[in-house]
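In what follows, a structure is listed as structure tokens, so that the remarks can point back to it.
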Protein chains: 2
Amino acid sequence: MTEERPREKKSLRSVRASREGGARRRLGTEERRSQLLELGIDAFSREPYDAVSIEEVAARAGTSKGLLYHYFPTKRDFYLAAIAEVSKRLLASTDFTSVVDPLTRLAKGLSAYADFIDRHGLAYGALLRSGIGMDAQALAVIESTRGTFAARLIESFPGPVSQLARTALVGWIGFVEATSLDWVARRAVGRDDLIRLWSTTLVSLTEQFGMGATV
Amino acid sequence: MTEERPREKKSLRSVRASREGGARRRLGTEERRSQLLELGIDAFSREPYDAVSIEEVAARAGTSKGLLYHYFPTKRDFYLAAIAEVSKRLLASTDFTSVVDPLTRLAKGLSAYADFIDRHGLAYGALLRSGIGMDAQALAVIESTRGTFAARLIESFPGPVSQLARTALVGWIGFVEATSLDWVARRAVGRDDLIRLWSTTLVSLTEQFGMGATV
């Protein structure tokens with residue numbers, strides 16, 4: 001599948017080289033860590049936590065289980081690092097806080113969000129499903145991702161935001177997440193329709209719950 | 001040990017009688033199962049999966065770990081039964097499909113939903129957080145809960161529902177879930193405001209995405 005391929009050409013190349021048993025390149029510490037993380041994101045996106053084999057991931061990286069544990073001491077650490085990395089990328093790729101005009105900022109942000117779920121749907125699903133009863137730290141990752149989105153939205157408004165308006169924004173983030181997961185699974189509507197659905201819903205919420213007309 | 005796996009009421013009774021000197025009430029099979037399930041819902045609502053101790057739950061029920069495993073062979077079975085029970089109760093308590101008028105049906109349904117999260121907030125959270133990467137069966141419970149809500153909504157509409165409208169309904173369910181979890185955690189707005197937020201959002205979605213005016 002093309003969508004979950006390693007992002008950078010460099011690490012992609014090194015993964016291939018090792019997988020094909022050809023001339024194995026020596027990786028620096030940072031490069032090795034990135035490579036393993038990339039393979040971790042891929043593995044935890046495709047399979048349930050329990051089904052992911054550290055041994056297999058290490059083999060795909062052309063390295064040993066021991067070396068993987070050197071970078072990520074436990075499977076749980078590896079998992080947490082993988083979902084934290086997905087969160088970081090999602091937040092970074094949708095960050096247009098430097099854009100002054102709120103409507104342009106929103107449009108760019110939503111479009112980038114759609115691109116992210118388009119290209120990294122499985123990883124996105126893994127991040128959202130990380131809010132698991134099992135693990136407080138995993139829950140913290142997704143909660144903090146949501147919190148960042150909420151804060152960005154709230155900053156877009158000129159005046160104070162009421163508790164009801166805040167609740168509406170929390171709801172809207174849930175709306176975007178639910179439709180994103182549905183879209184990743186079914187692709188029942190076009191990308192532009194999806195973005196329009198998000199923005200019109202946000203606009204009508206802002207109109208109804210007194211968040212001003214600047215977003 | 002027969003003591004740990006009594007299959008019938010008779011042996012259950014004799015176990016209890018010998019262990020507790022007959023002071024405690026004798027529970028029938030169904031009654032015992034309900035009691036354990038209730039304690040399971042409570043335990044899995046309060047603590048992450050890994051932190052729940054089957055031994056403690058059994059102790060709270062005044063019974064043995066072995067007896068609990070007679071009803072629920074593994075901890076995972078016990079967990080799945082607990083979240084399935086929460087789902088069943090949530091769906092039952094919000095089921096007004098017999099009410100003919102769609103607007104009344106919606107109003108009653110939303111009010112009952114608010115009552116449920118008001119009274120069973122922790123259990124509700126446990127159900128929603130059960131959509132875990134770890135466990136496909138747990139994910140199936142929450143997915144089927146959402147599917148039932150979506151089907152109920154879709155049935156409310158007189159004509160065919162477009163894919164975009166379906167996506168909007170999926171989003172609205174995500175909106176309700178996100179605001180419910182927020183409300184359980186913070187209670188930042190009143191119950192009636194919350195219900196109004198849900199219904200006005202649904203109404204404006206139905207108006208925008210051509211689902212007719214009957215809901």
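Letters A, B, ... go to the chains of the structure tokens in the order shown; residues in each chain start at 1; ligands are counted from 1 in the same order.
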How would chain A read as a compact mmCIF listing (two decimals) with C-alpha atoms, in the first residue's frame after a least-squares superposition onto chain B over every Cα atom, matched in order?
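Generated file (out20.txt):
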```
# COMPACT_ATOMS: atom_id res chain seq x y z
CA MET A 1 -20.48 3.07 44.64
CA THR A 2 -24.10 2.64 43.85
CA GLU A 3 -23.84 3.21 40.15
CA GLU A 4 -22.11 0.03 39.14
CA ARG A 5 -23.98 -2.31 41.38
CA PRO A 6 -25.36 -5.48 39.93
CA ARG A 7 -28.62 -4.78 38.26
CA GLU A 8 -30.76 -7.51 39.60
CA LYS A 9 -31.60 -7.89 43.21
CA LYS A 10 -31.21 -11.61 42.97
CA SER A 11 -27.61 -11.62 41.82
CA LEU A 12 -26.78 -8.78 44.17
CA ARG A 13 -28.02 -10.89 47.02
CA SER A 14 -26.00 -13.89 46.02
CA VAL A 15 -22.84 -11.83 45.62
CA ARG A 16 -23.34 -10.43 49.10
CA ALA A 17 -23.98 -13.80 50.61
CA SER A 18 -20.81 -15.26 49.21
CA ARG A 19 -18.75 -12.21 50.02
CA GLU A 20 -19.87 -12.25 53.58
CA GLY A 21 -18.94 -15.86 53.84
CA GLY A 22 -22.44 -16.67 55.00
CA ALA A 23 -24.70 -19.35 53.74
CA ARG A 24 -23.59 -19.72 50.16
CA ARG A 25 -26.41 -20.29 47.74
CA ARG A 26 -25.99 -22.74 44.94
CA LEU A 27 -26.28 -20.96 41.65
CA GLY A 28 -27.61 -22.47 38.46
CA THR A 29 -25.49 -22.26 35.32
CA GLU A 30 -27.22 -19.18 33.92
CA GLU A 31 -27.33 -17.50 37.28
CA ARG A 32 -23.65 -18.15 37.87
CA ARG A 33 -22.75 -16.85 34.45
CA SER A 34 -24.77 -13.66 35.08
CA GLN A 35 -23.15 -13.19 38.45
CA LEU A 36 -19.65 -13.55 37.01
CA LEU A 37 -20.47 -11.26 34.10
CA GLU A 38 -21.76 -8.64 36.50
CA LEU A 39 -18.55 -8.82 38.51
CA GLY A 40 -16.56 -8.72 35.26
CA ILE A 41 -18.31 -5.57 34.10
CA ASP A 42 -17.58 -4.04 37.46
CA ALA A 43 -13.90 -5.05 37.42
CA PHE A 44 -13.16 -4.00 33.83
CA SER A 45 -14.98 -0.72 34.42
CA ARG A 46 -12.89 0.15 37.42
CA GLU A 47 -9.48 -1.02 36.35
CA PRO A 48 -7.39 -1.22 33.21
CA TYR A 49 -7.46 -4.61 31.53
CA ASP A 50 -4.00 -5.62 32.73
CA ALA A 51 -4.81 -4.73 36.32
CA VAL A 52 -7.92 -6.89 36.52
CA SER A 53 -7.25 -10.08 38.45
CA ILE A 54 -9.31 -13.11 37.50
CA GLU A 55 -8.46 -14.57 40.87
CA GLU A 56 -9.97 -11.61 42.66
CA VAL A 57 -13.10 -11.67 40.55
CA ALA A 58 -13.53 -15.37 41.28
CA ALA A 59 -12.99 -14.70 44.98
CA ARG A 60 -15.62 -11.97 44.95
CA ALA A 61 -18.01 -14.43 43.37
CA GLY A 62 -17.17 -16.88 46.12
CA THR A 63 -15.94 -19.36 43.55
CA SER A 64 -12.72 -20.62 42.00
CA LYS A 65 -10.63 -19.32 39.15
CA GLY A 66 -11.20 -22.68 37.47
CA LEU A 67 -14.95 -22.28 37.53
CA LEU A 68 -14.69 -18.78 36.09
CA TYR A 69 -12.56 -20.18 33.27
CA HIS A 70 -15.22 -22.80 32.71
CA TYR A 71 -17.64 -20.01 31.76
CA PHE A 72 -15.09 -17.72 30.13
CA PRO A 73 -12.08 -19.69 28.86
CA THR A 74 -9.64 -16.77 28.86
CA LYS A 75 -9.37 -13.34 30.45
CA ARG A 76 -9.84 -11.85 27.03
CA ASP A 77 -13.08 -13.83 26.53
CA PHE A 78 -14.25 -12.58 29.90
CA TYR A 79 -13.43 -9.00 28.93
CA LEU A 80 -15.14 -9.29 25.55
CA ALA A 81 -18.24 -10.82 27.15
CA ALA A 82 -18.33 -7.96 29.67
CA ILE A 83 -18.15 -5.16 27.11
CA ALA A 84 -20.58 -6.97 24.79
CA GLU A 85 -23.02 -7.15 27.70
CA VAL A 86 -22.64 -3.40 28.36
CA SER A 87 -23.29 -2.73 24.67
CA LYS A 88 -26.36 -4.98 24.72
CA ARG A 89 -27.78 -3.19 27.75
CA LEU A 90 -27.08 0.26 26.33
CA LEU A 91 -28.79 -0.64 23.06
CA ALA A 92 -31.73 -2.32 24.79
CA SER A 93 -32.33 0.50 27.25
CA THR A 94 -32.38 3.10 24.47
CA ASP A 95 -34.49 1.10 22.04
CA PHE A 96 -37.76 2.87 21.31
CA THR A 97 -38.10 1.72 17.72
CA SER A 98 -41.70 0.77 18.44
CA VAL A 99 -42.57 4.42 19.10
CA VAL A 100 -44.06 5.73 15.87
CA ASP A 101 -43.56 9.47 16.24
CA PRO A 102 -39.91 10.25 15.42
CA LEU A 103 -39.62 13.22 17.76
CA THR A 104 -41.03 11.31 20.70
CA ARG A 105 -38.78 8.39 19.82
CA LEU A 106 -35.75 10.67 19.78
CA ALA A 107 -36.68 12.33 23.06
CA LYS A 108 -37.24 9.00 24.79
CA GLY A 109 -34.03 7.57 23.36
CA LEU A 110 -31.88 10.50 24.43
CA SER A 111 -33.40 10.56 27.88
CA ALA A 112 -32.75 6.83 28.29
CA TYR A 113 -29.17 7.30 27.04
CA ALA A 114 -28.61 9.99 29.68
CA ASP A 115 -30.05 7.68 32.34
CA PHE A 116 -27.71 4.92 31.25
CA ILE A 117 -24.56 7.02 31.46
CA ASP A 118 -25.84 8.46 34.72
CA ARG A 119 -26.20 5.04 36.32
CA HIS A 120 -23.51 3.09 34.52
CA GLY A 121 -20.90 5.71 33.75
CA LEU A 122 -17.89 3.54 34.43
CA ALA A 123 -19.19 0.65 32.37
CA TYR A 124 -20.02 3.06 29.55
CA GLY A 125 -16.46 4.37 29.67
CA ALA A 126 -15.11 0.83 29.57
CA LEU A 127 -17.21 0.11 26.49
CA LEU A 128 -16.05 3.23 24.66
CA ARG A 129 -12.43 2.68 25.57
CA SER A 130 -12.68 -0.86 24.31
CA GLY A 131 -12.00 0.40 20.79
CA ILE A 132 -8.41 -0.49 21.41
CA GLY A 133 -5.56 -0.93 19.02
CA MET A 134 -4.85 -4.15 20.82
CA ASP A 135 -7.94 -6.08 20.00
CA ALA A 136 -9.96 -6.29 16.80
CA GLN A 137 -12.85 -8.08 18.48
CA ALA A 138 -13.18 -5.42 21.16
CA LEU A 139 -13.15 -2.77 18.46
CA ALA A 140 -15.91 -4.67 16.68
CA VAL A 141 -18.15 -4.42 19.75
CA ILE A 142 -18.03 -0.64 19.92
CA GLU A 143 -18.20 -0.28 16.13
CA SER A 144 -21.32 -2.39 15.99
CA THR A 145 -22.87 -0.40 18.84
CA ARG A 146 -22.28 2.80 16.88
CA GLY A 147 -23.58 1.17 13.72
CA THR A 148 -26.83 0.26 15.44
CA PHE A 149 -27.31 3.83 16.63
CA ALA A 150 -26.60 5.16 13.15
CA ALA A 151 -29.04 2.70 11.58
CA ARG A 152 -31.77 3.71 14.04
CA LEU A 153 -31.25 7.35 13.18
CA ILE A 154 -31.20 6.73 9.45
CA GLU A 155 -34.43 4.75 9.68
CA SER A 156 -36.07 7.81 11.22
CA PHE A 157 -35.78 9.73 8.01
CA PRO A 158 -38.48 9.51 5.39
CA GLY A 159 -36.31 9.71 2.32
CA PRO A 160 -32.85 8.63 1.21
CA VAL A 161 -30.00 9.91 3.36
CA SER A 162 -27.05 11.45 1.49
CA GLN A 163 -23.45 10.48 2.22
CA LEU A 164 -22.90 13.90 3.75
CA ALA A 165 -25.91 13.44 6.01
CA ARG A 166 -24.65 9.99 7.00
CA THR A 167 -21.28 11.49 7.85
CA ALA A 168 -23.04 14.15 9.92
CA LEU A 169 -24.88 11.42 11.85
CA VAL A 170 -21.63 9.57 12.49
CA GLY A 171 -20.26 12.86 13.78
CA TRP A 172 -23.27 13.40 15.98
CA ILE A 173 -22.79 9.98 17.57
CA GLY A 174 -19.17 11.02 18.27
CA PHE A 175 -20.54 14.25 19.75
CA VAL A 176 -22.85 12.32 22.08
CA GLU A 177 -20.06 9.95 23.11
CA ALA A 178 -17.53 12.70 23.82
CA THR A 179 -20.00 14.76 25.86
CA SER A 180 -21.11 11.61 27.69
CA LEU A 181 -17.58 10.73 28.74
CA ASP A 182 -16.99 14.32 29.78
CA TRP A 183 -20.23 14.31 31.73
CA VAL A 184 -19.43 11.05 33.47
CA ALA A 185 -16.05 12.51 34.49
CA ARG A 186 -17.08 16.04 35.46
CA ARG A 187 -20.87 16.40 35.64
CA ALA A 188 -20.30 20.02 34.70
CA VAL A 189 -23.81 20.54 33.33
CA GLY A 190 -27.23 19.23 34.31
CA ARG A 191 -28.72 16.12 32.76
CA ASP A 192 -31.45 18.10 30.99
CA ASP A 193 -28.95 20.57 29.54
CA LEU A 194 -26.95 17.65 28.24
CA ILE A 195 -29.98 16.13 26.52
CA ARG A 196 -30.92 19.51 25.07
CA LEU A 197 -27.39 19.89 23.75
CA TRP A 198 -27.66 16.53 21.99
CA SER A 199 -31.09 17.16 20.50
CA THR A 200 -30.54 20.74 19.34
CA THR A 201 -27.29 19.69 17.70
CA LEU A 202 -29.00 16.83 15.91
CA VAL A 203 -31.88 19.04 14.82
CA SER A 204 -29.56 21.69 13.44
CA LEU A 205 -27.55 19.04 11.60
CA THR A 206 -30.69 17.56 10.08
CA GLU A 207 -31.79 21.01 8.98
CA GLN A 208 -28.42 21.84 7.46
CA PHE A 209 -27.77 18.58 5.75
CA GLY A 210 -31.12 17.96 4.22
CA MET A 211 -32.31 15.05 6.27
CA GLY A 212 -35.84 16.43 6.33
CA ALA A 213 -37.67 17.84 9.30
CA THR A 214 -39.21 14.68 10.70
CA VAL A 215 -36.53 14.08 13.30
```
task: Select from segment 11-99 of chain B everything DSSP, run on the backbone, classes as helix (DSSP H, G or I), then give the selection as a PyMOL selection string.
output: chain B and resi 11-20+29-46+49-51+54-60+65-71+75-93
